There are 2 protein chains.
Amino acid sequence: MTVRTLQGFMELLPEEQIVMEHMKAVIAHTYELFGFAPLDTPVLELAEVLLSKSGGDTEKQIYEFKKGDTDLAMRFDLTVPLAKYVALHHNELTFPFKRYQIGKVYRGERPQKGRFREFYQCDIDIIDRDELNIAYDAEVLAVIYTVFQKLALPAFKIYINNRKLLSGFLEYLEIADKTVDVLRLVDKIKKIPEEAFLGELGDLGLPEAKNKTLLNFIKIKGSNDEIIAKLEDFKIDNEAFCNGLNELKTVVGQAQLLGIPAENVQIDLSITRGLDYYTGTVYETFFDEHPEFGSVCSGGRYDNLSSVFMDKKFPGVGISIGLTRLYDQLHGKGLLDIKGPTPNKALIILQNSDYTAQAMQLLGKLRRFDIAADVMLRESKFKKKMEYANKIKVPYLIIIGEDEAANGYYTFKDMTSGVQQKASFEQICALLRP
Amino acid sequence: MTVRTLQGFMELLPEEQIVMEHMKAVIAHTYELFGFAPLDTPVLELAEVLLSKSGGDTEKQIYEFKKGDTDLAMRFDLTVPLAKYVALHHNELTFPFKRYQIGKVYRGERPQKGRFREFYQCDIDIIDRDELNIAYDAEVLAVIYTVFQKLALPAFKIYINNRKLLSGFLEYLEIADKTVDVLRLVDKIKKIPEEAFLGELGDLGLPEAKNKTLLNFIKIKGSNDEIIAKLEDFKIDNEAFCNGLNELKTVVGQAQLLGIPAENVQIDLSITRGLDYYTGTVYETFFDEHPEFGSVCSGGRYDNLSSVFMDKKFPGVGISIGLTRLYDQLHGKGLLDIKGPTPNKALIILQNSDYTAQAMQLLGKLRRFDIAADVMLRESKFKKKMEYANKIKVPYLIIIGEDEAANGYYTFKDMTSGVQQKASFEQICALLRP
């Protein structure tokens, strides 16, 4: 029989998994620091629930099957399950409702480097009834900033924009009927030359002068204050444009009050999240030195979360980190701090098995002081036991042998410095306590 | 369309999910304290990999389907994926290999109260090449004890036995050819009257005298020392029996050295985990006052983890906590400490939106001190904002209004005691820092 793990499904070694778990824990802790409550929805849902919103591409990628008479599907994101959850539970929830969810999602794409069929998404969303205060869009910025700062990753920038600006600008140019096509094109602007961009706009039947105006608009550069000033200078009398500009100004202002450093937030009028359902603020996050990673955290504001499931209006704002891909990219570039395959602070090794009782007593005591510790109990030569300690890269070693047992002390070794000393239980505790 | 969550799939409200996440975190933390490294394997595997070990029941319950030409299945436990993992990666792992895994598994059983189709298993296993020191079986006991103690749940006892004792005893009684049937019956002993038990043994064609001897054997009661003394008094000259007895004595002795209180570990010769693949020590865990929950943590020692996948021998010992069911049972009895739906320590509310800037600055500062905090930004009357604070059961409230803004202080309210005071940022920090 074939023993293998499916292609496109990440399966890590312990030393790698420890880093992945650390990243998950930092993300969860930060989300809670900002008042998001955890949520956990099923991996399996009724197929008609998951497919209610989807277009053709999703349907091809989805893992769908029948069990008995029921059409089931594995979730392909955490947003549709949230929309279902709010539709089912809105009477039991308190709004504004801030939830986070860290969970696996499934997309049966053709496997290729950097693409996964099973991957973690780490989502937050803030949902309210009828209306959601724009200041929450700045809260989301603060979460993204804090997560990446706490993950201690390379320098990054969060790029923001507001969809209403571009729609308003297209209305002002009187080419609003082409909005969907234009959005799709703008989304590609960083990947294609300007001539190609203008050419494709021309192919849509748009006049050359307007296309150049549009290109110059999305290319506006400068500090956030400078870009806002330039947008105000247009003095465009269009409702969507003015709303978008006001919202963007508020978000940038509140972000500053929340203490996000200016160098980590940049207005970029070419960010649109073209194919998504966003209606206001949009976010993308890039590492300064690794644009090839693509956006590592994206999202935005939407008017109505659960429209396919109910009549009530629930506007929201949220973002998602594609953690599996992010881990894979960082690991591939050697940017993760991979230590050893053990969570232990200390390992006890014995001269021989006569000292097992002493080891067990010591272990019990260490763990009662919340010190992660272990004993190597395999029968082998002392040299082999030392090799094991080196291999698992445990930070501290405790040795028990004849002299230690007779005279009531432990030999305590710092594996990093190589320094070895006689130590009492109290001394070991003082050195190792978290 | 039907908007619903599938039957048999747990979906909690935020205040419940917070408790569930706390339980998961305590379990993971304890597993790491004992030196177990995290592992995360895919939910989907090749069907032939998952079904390699299974009997008929598993096959009926499994979620299996085709994607393209590939037969896929959702994992129904975490043991078969571990066996696959060790078979694939044994050259990259360091042995003894201690891993934990907390993840969802899937069984398409008929849904009924207390049965779930998607549920969390929280597993640990210690695996070695060729041989695994028996003292590790005591380590597993210590993990179970520490997890339940740290979860702060009702009084519990871990029942242990050794499979070799019963097999040896059946050999000694010269009825070893009926071992499988007898094991299955012994497994039922707590659910059927003694007469029925003896009757069913009779139905197997076993002589009445031997059946009574067997019943008296599995009924042996007393302290661990008393039971061991009684077993030694039998002076049975059978290899399996003597090995089982020695192993059991070692496990009980080492457990004591590790500091597990005597009242939490009880030898019970009727525990066999009859239908499982265990070969030595077996464990079950019951709440003293809630035997109706069944065993909430079970496991045992096995000779060879990956036998279906490879020739090499990997003995191991492990246990599993069925967390979803445990949560459900405890919740059903009101034994969980459900607080509010927010992870926040403090909520800021404003007399009106004029003070949003002050709120955002304060929020930024609190969170930089690792204090989970939030602001209520929905436009509404002050009374409504107070109602919101009460509803989400936030422990502390910070109020900013005209007087606070003008005179540079905050109104700080302890929502439990109702006590309200003027406070500076430093005072709030001192009261709330974790």
# chains A, B, ... in the order shown; residues from 1 in each chain; ligands from 1
$ interface_residues --of "chain A" --to "chain B" --cutoff "7 Å" --atoms "only C-alpha atoms" --output "VMD selection string"
chain A and resid 3 5 to 6 9 11 14 17 to 18 32 to 42 45 to 46 49 65 84 133 254 257 to 259 309 341 to 344 357 360 to 361 363 to 364 367 370 to 374 377 to 378
$ write_last_selection --atoms "C-alpha atoms" --output "mmCIF file, in the first residue's frame"
data_model
loop_
_atom_site.group_PDB
_atom_site.id
_atom_site.type_symbol
_atom_site.label_atom_id
_atom_site.label_comp_id
_atom_site.auth_asym_id
_atom_site.auth_seq_id
_atom_site.Cartn_x
_atom_site.Cartn_y
_atom_site.Cartn_z
ATOM 1 C CA VAL A 3 2.002 5.346 2.756
ATOM 2 C CA THR A 5 0.638 12.382 3.108
ATOM 3 C CA LEU A 6 -1.543 14.042 0.477
ATOM 4 C CA PHE A 9 -1.197 19.264 2.912
ATOM 5 C CA GLU A 11 2.890 18.248 7.807
ATOM 6 C CA PRO A 14 8.293 18.834 15.736
ATOM 7 C CA GLN A 17 5.582 22.716 14.530
ATOM 8 C CA ILE A 18 6.774 24.407 17.736
ATOM 9 C CA GLU A 32 -7.843 38.710 22.448
ATOM 10 C CA LEU A 33 -5.863 41.760 23.553
ATOM 11 C CA PHE A 34 -8.070 43.741 21.174
ATOM 12 C CA GLY A 35 -11.264 42.276 22.597
ATOM 13 C CA PHE A 36 -12.009 39.634 19.965
ATOM 14 C CA ALA A 37 -13.701 36.527 21.356
ATOM 15 C CA PRO A 38 -12.807 33.084 19.977
ATOM 16 C CA LEU A 39 -15.156 31.221 17.671
ATOM 17 C CA ASP A 40 -14.947 27.681 16.323
ATOM 18 C CA THR A 41 -17.309 26.553 13.589
ATOM 19 C CA PRO A 42 -17.448 23.110 11.938
ATOM 20 C CA GLU A 45 -21.239 22.355 6.464
ATOM 21 C CA LEU A 46 -24.246 21.782 4.242
ATOM 22 C CA VAL A 49 -24.816 26.894 2.818
ATOM 23 C CA PHE A 65 -19.495 14.936 -1.168
ATOM 24 C CA LYS A 84 -24.128 31.574 8.744
ATOM 25 C CA ASN A 133 -18.626 53.084 13.410
ATOM 26 C CA GLN A 254 -7.584 57.228 14.603
ATOM 27 C CA LEU A 257 -4.201 58.034 18.122
ATOM 28 C CA LEU A 258 -4.033 54.276 18.671
ATOM 29 C CA GLY A 259 -0.248 54.581 18.456
ATOM 30 C CA PHE A 309 -28.975 34.194 4.593
ATOM 31 C CA PRO A 341 12.168 19.593 18.725
ATOM 32 C CA THR A 342 11.448 19.699 22.463
ATOM 33 C CA PRO A 343 9.392 22.124 24.559
ATOM 34 C CA ASN A 344 11.522 21.137 27.597
ATOM 35 C CA ALA A 357 13.712 7.151 41.662
ATOM 36 C CA MET A 360 11.164 10.835 39.068
ATOM 37 C CA GLN A 361 11.034 12.788 42.338
ATOM 38 C CA LEU A 363 10.710 15.679 37.713
ATOM 39 C CA GLY A 364 7.553 15.808 39.816
ATOM 40 C CA ARG A 367 6.752 20.353 36.956
ATOM 41 C CA ASP A 370 5.692 24.873 36.054
ATOM 42 C CA ILE A 371 9.102 24.016 34.613
ATOM 43 C CA ALA A 372 8.809 21.865 31.472
ATOM 44 C CA ALA A 373 11.176 18.970 32.069
ATOM 45 C CA ASP A 374 11.803 15.394 31.037
ATOM 46 C CA LEU A 377 14.850 6.675 30.392
ATOM 47 C CA ARG A 378 16.149 4.588 27.524
#
$ select_by_dssp --residues "region 78-176 of chain B" --states "strand (DSSP E or B)" --output "PyMOL selection string"
chain B and resi 97-106+118-127+156-162
$ residues_around --residues "region 272-278 of chain A" --least-positions-apart "3" --cutoff "10 Å" --atoms "only C-alpha atoms" --output "NGL selection string"
:A and (160-164 or 166 or 179-188 or 268-269 or 281-284 or 298-305 or 316-318)
$ residues_around --residues "region 381-385 of chain A" --least-positions-apart "2" --cutoff "7 Å" --atoms "only C-alpha atoms" --output "PyMOL selection string"
chain A and resi 349+351+387-389
$ write_last_selection --atoms "N, CA and C atoms" --output "PDB file, in the first residue's frame"
ATOM      1  N   ILE A 349      19.414  13.375  32.875  1.00  0.00           N
ATOM      2  CA  ILE A 349      19.977  12.088  32.440  1.00  0.00           C
ATOM      3  C   ILE A 349      20.695  11.433  33.612  1.00  0.00           C
ATOM      4  N   GLN A 351      23.362   8.451  35.306  1.00  0.00           N
ATOM      5  CA  GLN A 351      24.551   7.625  35.089  1.00  0.00           C
ATOM      6  C   GLN A 351      24.128   6.192  34.769  1.00  0.00           C
ATOM      7  N   GLU A 387      24.469  12.406  23.712  1.00  0.00           N
ATOM      8  CA  GLU A 387      24.173  12.647  22.303  1.00  0.00           C
ATOM      9  C   GLU A 387      22.698  13.010  22.100  1.00  0.00           C
ATOM     10  N   TYR A 388      21.838  12.286  22.835  1.00  0.00           N
ATOM     11  CA  TYR A 388      20.397  12.560  22.759  1.00  0.00           C
ATOM     12  C   TYR A 388      20.108  14.001  23.191  1.00  0.00           C
ATOM     13  N   ALA A 389      20.722  14.405  24.306  1.00  0.00           N
ATOM     14  CA  ALA A 389      20.519  15.768  24.829  1.00  0.00           C
ATOM     15  C   ALA A 389      20.944  16.819  23.793  1.00  0.00           C
TER      16      ALA A 389
END
$ residues_around --residues "Phe156 (chain B)" --least-positions-apart "3" --cutoff "7 Å" --atoms "only C-alpha atoms" --output "PyMOL selection string"
chain B and resi 264+285-288
$ write_last_selection --atoms "C-alpha atoms" --output "compact mmCIF listing (two decimals), in the first residue's frame"
# COMPACT_ATOMS: atom_id res chain seq x y z
CA ASN B 264 -6.18 9.65 42.40
CA THR B 285 -10.49 8.07 34.18
CA PHE B 286 -13.79 8.68 35.97
CA PHE B 287 -15.22 11.54 37.99
CA ASP B 288 -16.05 10.20 41.46
